[in-house]
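Notes follow the structure.
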Amino acid sequence: MAVKRKRRKSIRKRKQQRNMIVGMAALVVIAGAATAVWWNLPNTKLGRYLDAASAHLEANEYEQAQQAYEAVLEIDETNELAYRGLADDYLAQDMQEQAEAILHEGYEVTGSEVLLQNYRATVLNDVVEAINAGTADYATVGRCLDILEETPADEDAQKLLLTLAPRVLKTEEDSRLLLENAEGKTEGAAEYELVLSRIFALAQTDSTSFLPVLEAYLIPEDILYVSMSNRELFETLLKKAAELGLTQAQGLLECLEKQAQISEFFAPMFADFEAANYKAAKDFIVTEEFLQIRDAFIEGTMEYWKSNSYVSVTKEALCFEKTENGWQFEFVEDDSVAKPTGTIRILAVTMKDLGVQRSCIEYVPAYDPANYYPHTEYEIVYWNTMVSGIATDNTNVVSRMNYRFAEKIFTATGMEANMIYDWGGKNESRKKE
């Protein structure tokens, strides 16, 4: 009996041991399954991918870092760390555009102000680099406007926009933004107009902040050329600015108004000269309006039209120049800037014949600058014929006013003039008393 009891105990013990082994194995299986579940939980995978991405980025393994950050965003598209890390990865590879795009995308998805701040800082840092490198252009201005159109109160972007103005509008070429080139095209005008339209839109919502910006981009610092074909555009921009409260636009608008009056006054004379009807100038240069223009130059009372010894009128382009007394305009005669189809010149200095101020107009037909010689110019003068030099004996000659016509032919060796001293009129024949 004692032997049987020992055998039964031994059997029970082996069964207990087998059960313990089986139980332990089951526990191992359960624990392994739990570990696998935990390992594949989204949060666990996110942490693992983020750690790997950070390590890759630190090791300059940009492609692997990018893949890890993208894996995070596939799991959780709202993960700010992944957007910021991916932007850092792009910037490390000089992929500025992609860095900005992913930060902005992250802001749009998450609404995170942190991502928005990172996006703005990334863009504006690039603007500063362009300014420091001297490579700023209208595209750089547009980047500042991108920020301001989204966050108009961004003071850093506002300051940079003002800083950019003199750097973008600093060269002689920039003063010709509204000037047609030899092919009849206005280079840069489309970009300039687009930039201004965006600034106008900002100024309409916040004139206090953006009128100074509008002034910096619209009002020239000292000089601006405008083709007649772009004159209406320039006037429209100035009027729009004046309506918003930009008082500095008024002086230029007054110049444009004066120029329009002058151009209208001289238009019939251009038509006559182009038709070789030079006799029409006889009546023109003794009109009250012509004499008022002449005398205003001579007396120094001409406000808006820039004075020279001979003041030119053309039909192709204008030049605006800032003086200590405000803005003045002049018509462009320089064929290196704009090629005139004809030029009228007014004698605008004191030139008296026996105390009588002469009235004089010249006409220069269109010419090819590359073949300047020979070319012909025409001059019509209303003057005191006492000093015409026709009569050898001027004793007791009655002082009379009459016209003189000159056809001046310029050649490489000099000038030849065909003169008619007493060119028609009631005083064509002079008499002695």
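Each chain in the structure tokens gets a letter, A, B, ..., in the order shown, and its residues are numbered from 1; ligands are numbered from 1 in order too.
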For the contact check between stretch 160-272 of chain A and stretch 321-334 of chain A, emit one row per residue of stretch 160-272 of chain A within 7 Å, containing the shortest atom pair and the distance in Å rounded to one decimal, counting only C-alpha atoms, chain then rising number order, as a tab-separated table.
```
residue	atom	partner	partner_atom	distance
A:Asp222	CA	A:Lys322	CA	4.8
A:Ile223	CA	A:Glu321	CA	4.5
A:Leu224	CA	A:Glu321	CA	6.7
A:Gly251	CA	A:Trp327	CA	6.0
A:Leu252	CA	A:Trp327	CA	6.2
A:Cys255	CA	A:Phe329	CA	6.3
```
Go ahead and save the residues from that selection, with C-alpha atoms, as a PDB file, in the first residue's frame.
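The resulting file, result.pdb, is reproduced below:
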```pdb
ATOM      1  CA  ASP A 222      13.519 111.126 -58.288  1.00  0.00           C
ATOM      2  CA  ILE A 223      12.784 110.156 -61.903  1.00  0.00           C
ATOM      3  CA  LEU A 224      10.377 108.018 -63.938  1.00  0.00           C
ATOM      4  CA  GLY A 251       1.687 116.458 -57.724  1.00  0.00           C
ATOM      5  CA  LEU A 252       2.163 113.806 -60.380  1.00  0.00           C
ATOM      6  CA  CYS A 255       1.793 117.160 -64.031  1.00  0.00           C
TER       7      CYS A 255
END
```
Next on the checklist: When you look at A:Tyr90 with a cut-off of 12 Å (counting only C-alpha atoms), what residues show up, excluding the ones that are within fewer than 3 positions of it in the same chain? I need them as a VMD selection string.
Outcome noted: chain A and resid 57 60 to 63 65 to 67 69 83 to 87 93 to 103 122
Let's have the selection written as a PDB file, in the first residue's frame, with N, CA and C atoms.
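Final file, selection-v3.pdb:
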```
ATOM      1  N   LEU A  57      18.158  62.544 -39.720  1.00  0.00           N
ATOM      2  CA  LEU A  57      18.405  63.957 -40.025  1.00  0.00           C
ATOM      3  C   LEU A  57      19.709  64.415 -39.394  1.00  0.00           C
ATOM      4  N   ASN A  60      22.593  63.442 -41.369  1.00  0.00           N
ATOM      5  CA  ASN A  60      22.561  63.959 -42.749  1.00  0.00           C
ATOM      6  C   ASN A  60      22.074  62.922 -43.746  1.00  0.00           C
ATOM      7  N   GLU A  61      21.265  61.999 -43.264  1.00  0.00           N
ATOM      8  CA  GLU A  61      20.668  60.987 -44.151  1.00  0.00           C
ATOM      9  C   GLU A  61      19.265  61.481 -44.522  1.00  0.00           C
ATOM     10  N   TYR A  62      19.246  62.434 -45.463  1.00  0.00           N
ATOM     11  CA  TYR A  62      18.026  63.205 -45.715  1.00  0.00           C
ATOM     12  C   TYR A  62      16.907  62.379 -46.335  1.00  0.00           C
ATOM     13  N   GLU A  63      17.241  61.479 -47.234  1.00  0.00           N
ATOM     14  CA  GLU A  63      16.192  60.689 -47.867  1.00  0.00           C
ATOM     15  C   GLU A  63      15.518  59.768 -46.859  1.00  0.00           C
ATOM     16  N   ALA A  65      15.398  60.251 -43.629  1.00  0.00           N
ATOM     17  CA  ALA A  65      14.641  61.097 -42.702  1.00  0.00           C
ATOM     18  C   ALA A  65      13.303  61.486 -43.319  1.00  0.00           C
ATOM     19  N   GLN A  66      13.337  61.841 -44.589  1.00  0.00           N
ATOM     20  CA  GLN A  66      12.103  62.216 -45.282  1.00  0.00           C
ATOM     21  C   GLN A  66      11.104  61.062 -45.283  1.00  0.00           C
ATOM     22  N   GLN A  67      11.583  59.877 -45.565  1.00  0.00           N
ATOM     23  CA  GLN A  67      10.698  58.713 -45.585  1.00  0.00           C
ATOM     24  C   GLN A  67      10.078  58.463 -44.214  1.00  0.00           C
ATOM     25  N   TYR A  69       9.580  60.715 -41.752  1.00  0.00           N
ATOM     26  CA  TYR A  69       8.594  61.760 -41.445  1.00  0.00           C
ATOM     27  C   TYR A  69       7.311  61.558 -42.248  1.00  0.00           C
ATOM     28  N   TYR A  83       5.716  67.657 -39.549  1.00  0.00           N
ATOM     29  CA  TYR A  83       5.751  68.774 -40.504  1.00  0.00           C
ATOM     30  C   TYR A  83       7.010  69.617 -40.296  1.00  0.00           C
ATOM     31  N   ARG A  84       7.293  69.897 -39.036  1.00  0.00           N
ATOM     32  CA  ARG A  84       8.472  70.733 -38.744  1.00  0.00           C
ATOM     33  C   ARG A  84       9.765  70.000 -39.105  1.00  0.00           C
ATOM     34  N   GLY A  85       9.813  68.680 -38.770  1.00  0.00           N
ATOM     35  CA  GLY A  85      11.001  67.912 -39.095  1.00  0.00           C
ATOM     36  C   GLY A  85      11.209  67.782 -40.593  1.00  0.00           C
ATOM     37  N   LEU A  86      10.117  67.566 -41.315  1.00  0.00           N
ATOM     38  CA  LEU A  86      10.219  67.443 -42.769  1.00  0.00           C
ATOM     39  C   LEU A  86      10.674  68.764 -43.382  1.00  0.00           C
ATOM     40  N   ALA A  87      10.206  69.894 -42.851  1.00  0.00           N
ATOM     41  CA  ALA A  87      10.659  71.206 -43.326  1.00  0.00           C
ATOM     42  C   ALA A  87      12.150  71.378 -43.072  1.00  0.00           C
ATOM     43  N   GLN A  93      18.578  70.485 -47.387  1.00  0.00           N
ATOM     44  CA  GLN A  93      18.917  70.140 -48.769  1.00  0.00           C
ATOM     45  C   GLN A  93      18.746  71.336 -49.712  1.00  0.00           C
ATOM     46  N   ASP A  94      18.569  72.564 -49.129  1.00  0.00           N
ATOM     47  CA  ASP A  94      18.352  73.786 -49.916  1.00  0.00           C
ATOM     48  C   ASP A  94      17.096  73.683 -50.775  1.00  0.00           C
ATOM     49  N   MET A  95      16.104  72.990 -50.259  1.00  0.00           N
ATOM     50  CA  MET A  95      14.815  72.869 -50.959  1.00  0.00           C
ATOM     51  C   MET A  95      13.825  73.825 -50.293  1.00  0.00           C
ATOM     52  N   GLN A  96      14.073  75.132 -50.491  1.00  0.00           N
ATOM     53  CA  GLN A  96      13.318  76.183 -49.829  1.00  0.00           C
ATOM     54  C   GLN A  96      11.823  76.096 -50.141  1.00  0.00           C
ATOM     55  N   GLU A  97      11.497  75.939 -51.386  1.00  0.00           N
ATOM     56  CA  GLU A  97      10.092  75.923 -51.795  1.00  0.00           C
ATOM     57  C   GLU A  97       9.339  74.771 -51.141  1.00  0.00           C
ATOM     58  N   GLN A  98       9.967  73.590 -51.109  1.00  0.00           N
ATOM     59  CA  GLN A  98       9.308  72.430 -50.509  1.00  0.00           C
ATOM     60  C   GLN A  98       9.136  72.607 -49.001  1.00  0.00           C
ATOM     61  N   ALA A  99      10.140  73.241 -48.366  1.00  0.00           N
ATOM     62  CA  ALA A  99      10.051  73.477 -46.918  1.00  0.00           C
ATOM     63  C   ALA A  99       8.874  74.393 -46.595  1.00  0.00           C
ATOM     64  N   GLU A 100       8.751  75.473 -47.363  1.00  0.00           N
ATOM     65  CA  GLU A 100       7.641  76.395 -47.134  1.00  0.00           C
ATOM     66  C   GLU A 100       6.301  75.710 -47.393  1.00  0.00           C
ATOM     67  N   ALA A 101       6.256  74.913 -48.459  1.00  0.00           N
ATOM     68  CA  ALA A 101       5.000  74.260 -48.825  1.00  0.00           C
ATOM     69  C   ALA A 101       4.537  73.294 -47.744  1.00  0.00           C
ATOM     70  N   ILE A 102       5.455  72.518 -47.168  1.00  0.00           N
ATOM     71  CA  ILE A 102       5.041  71.528 -46.176  1.00  0.00           C
ATOM     72  C   ILE A 102       4.609  72.206 -44.879  1.00  0.00           C
ATOM     73  N   LEU A 103       5.262  73.308 -44.524  1.00  0.00           N
ATOM     74  CA  LEU A 103       4.849  74.047 -43.324  1.00  0.00           C
ATOM     75  C   LEU A 103       3.465  74.657 -43.516  1.00  0.00           C
ATOM     76  N   THR A 122      10.312  81.078 -42.101  1.00  0.00           N
ATOM     77  CA  THR A 122      11.079  80.462 -43.188  1.00  0.00           C
ATOM     78  C   THR A 122      11.069  81.350 -44.431  1.00  0.00           C
TER      79      THR A 122
END
```
Next on the checklist: Please determine, counting only C-alpha atoms, which residue among A:Gln259, A:Ser207, A:Gln250, A:Ser112 has the shortest atom-to-atom distance to A:Met228.
Outcome noted: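 Going through A:Gln259, A:Ser207, A:Gln250, A:Ser112 one by one, the smallest distance to A:Met228 is for A:Gln259.
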Next on the checklist: as a PyMOL selection string, please: the residues near A:Leu46 (cut-off 10 Å, only C-alpha atoms, same-chain neighbours under 4 positions excluded).
Outcome noted: chain A and resi 40-42+50-52+68-69+71-76+79+82
For A:Ala417, please output as an mmCIF file with C-alpha atoms, in the first residue's frame all residues within 12 Å (counting only C-alpha atoms; exclusion window: fewer than 6 positions along the same chain).
```cif
data_model
loop_
_atom_site.group_PDB
_atom_site.id
_atom_site.type_symbol
_atom_site.label_atom_id
_atom_site.label_comp_id
_atom_site.auth_asym_id
_atom_site.auth_seq_id
_atom_site.Cartn_x
_atom_site.Cartn_y
_atom_site.Cartn_z
ATOM 1 C CA HIS A 375 18.828 115.302 -91.732
ATOM 2 C CA THR A 376 16.745 118.431 -92.077
ATOM 3 C CA GLU A 377 15.198 120.684 -89.448
ATOM 4 C CA TYR A 378 12.824 123.608 -89.924
ATOM 5 C CA GLU A 379 12.573 126.890 -88.026
ATOM 6 C CA PHE A 405 11.762 130.611 -92.418
ATOM 7 C CA ALA A 406 14.868 128.442 -92.282
ATOM 8 C CA GLU A 407 15.476 125.003 -93.756
ATOM 9 C CA LYS A 408 18.568 123.661 -91.976
ATOM 10 C CA ILE A 409 20.368 120.677 -93.503
ATOM 11 C CA PHE A 410 22.792 119.005 -91.108
ATOM 12 C CA THR A 411 25.657 116.911 -92.484
#
```
Checklist entry - Using only C-alpha atoms, which residues sit within 10 Å of stretch 186-193 of chain A once same-chain residues fewer than 6 positions away are excluded, as number ranges by chain? => result A: 138-139, 142, 173-174, 176-180, 199, 217-218, 226-227, 229-230, 233-234, 237
Keeping only N, CA and C atoms, take the residues you just selected and write them out as a PDB file, in the first residue's frame.
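result_16.pdb, written as the output of this step:
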```
ATOM      1  N   TYR A 138      11.180  91.489 -57.926  1.00  0.00           N
ATOM      2  CA  TYR A 138       9.741  91.511 -57.695  1.00  0.00           C
ATOM      3  C   TYR A 138       9.239  90.186 -57.131  1.00  0.00           C
ATOM      4  N   ALA A 139       9.907  89.090 -57.451  1.00  0.00           N
ATOM      5  CA  ALA A 139       9.521  87.806 -56.871  1.00  0.00           C
ATOM      6  C   ALA A 139       9.725  87.835 -55.359  1.00  0.00           C
ATOM      7  N   GLY A 142       6.973  89.716 -53.877  1.00  0.00           N
ATOM      8  CA  GLY A 142       5.792  88.862 -53.859  1.00  0.00           C
ATOM      9  C   GLY A 142       5.762  87.913 -52.679  1.00  0.00           C
ATOM     10  N   GLU A 173      17.230 101.129 -65.157  1.00  0.00           N
ATOM     11  CA  GLU A 173      16.235 100.325 -65.845  1.00  0.00           C
ATOM     12  C   GLU A 173      14.895 100.371 -65.117  1.00  0.00           C
ATOM     13  N   ASP A 174      14.944 100.421 -63.787  1.00  0.00           N
ATOM     14  CA  ASP A 174      13.710 100.475 -63.008  1.00  0.00           C
ATOM     15  C   ASP A 174      12.957 101.775 -63.242  1.00  0.00           C
ATOM     16  N   ARG A 176      12.524 103.000 -65.932  1.00  0.00           N
ATOM     17  CA  ARG A 176      11.901 102.854 -67.247  1.00  0.00           C
ATOM     18  C   ARG A 176      10.885 101.719 -67.279  1.00  0.00           C
ATOM     19  N   LEU A 177      10.333 101.393 -66.119  1.00  0.00           N
ATOM     20  CA  LEU A 177       9.379 100.298 -66.020  1.00  0.00           C
ATOM     21  C   LEU A 177       8.167 100.507 -66.916  1.00  0.00           C
ATOM     22  N   LEU A 178       7.770 101.762 -67.107  1.00  0.00           N
ATOM     23  CA  LEU A 178       6.589 102.068 -67.905  1.00  0.00           C
ATOM     24  C   LEU A 178       6.977 102.639 -69.267  1.00  0.00           C
ATOM     25  N   LEU A 179       8.175 102.309 -69.709  1.00  0.00           N
ATOM     26  CA  LEU A 179       8.685 102.812 -70.981  1.00  0.00           C
ATOM     27  C   LEU A 179       8.799 101.663 -71.978  1.00  0.00           C
ATOM     28  N   GLU A 180       8.274 101.875 -73.173  1.00  0.00           N
ATOM     29  CA  GLU A 180       8.366 100.848 -74.199  1.00  0.00           C
ATOM     30  C   GLU A 180       9.804 100.698 -74.689  1.00  0.00           C
ATOM     31  N   ILE A 199      -0.623  95.466 -53.392  1.00  0.00           N
ATOM     32  CA  ILE A 199      -0.437  96.469 -52.344  1.00  0.00           C
ATOM     33  C   ILE A 199      -1.692  97.320 -52.198  1.00  0.00           C
ATOM     34  N   TYR A 217       6.345 102.246 -53.499  1.00  0.00           N
ATOM     35  CA  TYR A 217       6.382 101.511 -54.763  1.00  0.00           C
ATOM     36  C   TYR A 217       5.798 102.289 -55.939  1.00  0.00           C
ATOM     37  N   LEU A 218       4.899 103.235 -55.675  1.00  0.00           N
ATOM     38  CA  LEU A 218       4.239 103.946 -56.771  1.00  0.00           C
ATOM     39  C   LEU A 218       4.888 105.288 -57.082  1.00  0.00           C
ATOM     40  N   VAL A 226       7.719 107.374 -68.703  1.00  0.00           N
ATOM     41  CA  VAL A 226       6.432 106.755 -69.000  1.00  0.00           C
ATOM     42  C   VAL A 226       6.144 106.921 -70.487  1.00  0.00           C
ATOM     43  N   SER A 227       5.965 105.811 -71.184  1.00  0.00           N
ATOM     44  CA  SER A 227       5.536 105.892 -72.577  1.00  0.00           C
ATOM     45  C   SER A 227       4.095 106.385 -72.630  1.00  0.00           C
ATOM     46  N   SER A 229       1.844 105.258 -74.336  1.00  0.00           N
ATOM     47  CA  SER A 229       0.972 104.090 -74.354  1.00  0.00           C
ATOM     48  C   SER A 229       0.646 103.602 -72.948  1.00  0.00           C
ATOM     49  N   ASN A 230       1.490 103.944 -71.967  1.00  0.00           N
ATOM     50  CA  ASN A 230       1.265 103.539 -70.572  1.00  0.00           C
ATOM     51  C   ASN A 230       0.814 104.706 -69.697  1.00  0.00           C
ATOM     52  N   LEU A 233      -2.478 104.070 -67.813  1.00  0.00           N
ATOM     53  CA  LEU A 233      -2.284 103.152 -66.683  1.00  0.00           C
ATOM     54  C   LEU A 233      -1.700 103.894 -65.495  1.00  0.00           C
ATOM     55  N   PHE A 234      -0.664 104.702 -65.740  1.00  0.00           N
ATOM     56  CA  PHE A 234      -0.021 105.438 -64.655  1.00  0.00           C
ATOM     57  C   PHE A 234      -0.995 106.409 -64.001  1.00  0.00           C
ATOM     58  N   LEU A 237      -3.453 104.520 -61.786  1.00  0.00           N
ATOM     59  CA  LEU A 237      -2.832 104.117 -60.514  1.00  0.00           C
ATOM     60  C   LEU A 237      -2.729 105.301 -59.554  1.00  0.00           C
TER      61      LEU A 237
END
```
Item to check | alpha helix (DSSP H) call set, DSSP backbone run, stretch 45-282 of chain A, as an NGL selection string | outcome: :A and (45-58 or 62-75 or 80-92 or 96-110 or 113-133 or 138-150 or 155-168 or 189-205 or 207-218 or 231-244 or 249-274 or 280-282)
Next on the checklist: DSSP on the backbone: which residues in stretch 84-226 of chain A end up as strand (DSSP E or B)? Give the answer as a VMD selection string.
Outcome noted: chain A and resid 178 223 to 226
Checklist entry - Just how far from atom CA of A:Lys339 is atom CA of A:Arg294, in Å to one decimal? => result 25.2 Å
Next on the checklist: If we count only C-alpha atoms and set the cut-off at 10 Å, which residues sit around A:Tyr278, ignoring sequence neighbours fewer than 4 positions away in its own chain? Please answer as a PyMOL selection string.
Outcome noted: chain A and resi 269+272-274+282+362-363+378-380+405
Can I get the selected residues back with C-alpha atoms, as a PDB file, in the first residue's frame?
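Everything below was put into again34.pdb:
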```
ATOM      1  CA  MET A 269       0.805 121.609 -85.265  1.00  0.00           C
ATOM      2  CA  ASP A 272       0.638 120.257 -90.142  1.00  0.00           C
ATOM      3  CA  PHE A 273       4.376 119.721 -89.804  1.00  0.00           C
ATOM      4  CA  GLU A 274       4.073 116.032 -90.708  1.00  0.00           C
ATOM      5  CA  LYS A 282       2.811 131.520 -88.706  1.00  0.00           C
ATOM      6  CA  GLU A 362      11.371 124.440 -84.646  1.00  0.00           C
ATOM      7  CA  TYR A 363      10.399 121.089 -86.102  1.00  0.00           C
ATOM      8  CA  TYR A 378      12.824 123.608 -89.924  1.00  0.00           C
ATOM      9  CA  GLU A 379      12.573 126.890 -88.026  1.00  0.00           C
ATOM     10  CA  ILE A 380       9.868 129.568 -88.103  1.00  0.00           C
ATOM     11  CA  PHE A 405      11.762 130.611 -92.418  1.00  0.00           C
TER      12      PHE A 405
END
```
Item to check | Residues near stretch 160-163 of chain A, cut-off 7 Å, only C-alpha atoms, skip fewer than 3 positions along chain, as a PyMOL selection string | outcome: chain A and resi 141+144+156-157+166+213+216
Restricted to N, CA and C atoms, what would the selected residues look like written as a JSON list (two decimals), in the first residue's frame?
```
[["chain", "number", "residue", "atom", "x", "y", "z"],
["A", 141, "VAL", "N", 9.57, 90.55, -53.49],
["A", 141, "VAL", "CA", 8.47, 91.39, -52.99],
["A", 141, "VAL", "C", 7.21, 90.54, -52.87],
["A", 144, "CYS", "N", 6.94, 88.54, -49.65],
["A", 144, "CYS", "CA", 6.46, 89.33, -48.51],
["A", 144, "CYS", "C", 4.94, 89.51, -48.59],
["A", 156, "ASP", "N", 6.99, 92.39, -39.21],
["A", 156, "ASP", "CA", 8.27, 92.05, -39.84],
["A", 156, "ASP", "C", 8.14, 92.07, -41.36],
["A", 157, "ALA", "N", 7.05, 91.51, -41.86],
["A", 157, "ALA", "CA", 6.83, 91.50, -43.31],
["A", 157, "ALA", "C", 6.61, 92.91, -43.84],
["A", 166, "PRO", "N", 13.39, 100.43, -52.23],
["A", 166, "PRO", "CA", 14.53, 101.09, -52.89],
["A", 166, "PRO", "C", 15.51, 100.12, -53.51],
["A", 213, "VAL", "N", 3.71, 101.98, -47.77],
["A", 213, "VAL", "CA", 4.22, 100.97, -48.70],
["A", 213, "VAL", "C", 3.83, 101.33, -50.12],
["A", 216, "ALA", "N", 5.98, 104.05, -51.42],
["A", 216, "ALA", "CA", 7.33, 103.60, -51.74],
["A", 216, "ALA", "C", 7.42, 102.93, -53.10]]
```
Item to check | For atom CA of A:Val349 and atom CA of A:Ser309, the interatomic separation in Å (one decimal) | outcome: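 Value for the atom CA of A:Val349-atom CA of A:Ser309 distance: 5.5 Å.
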Item to check | Point-to-point distance from atom CA of A:Ala249 to atom CA of A:Ser307, Å rounded to tenths | outcome: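 These atoms are spaced 22.1 Å apart.
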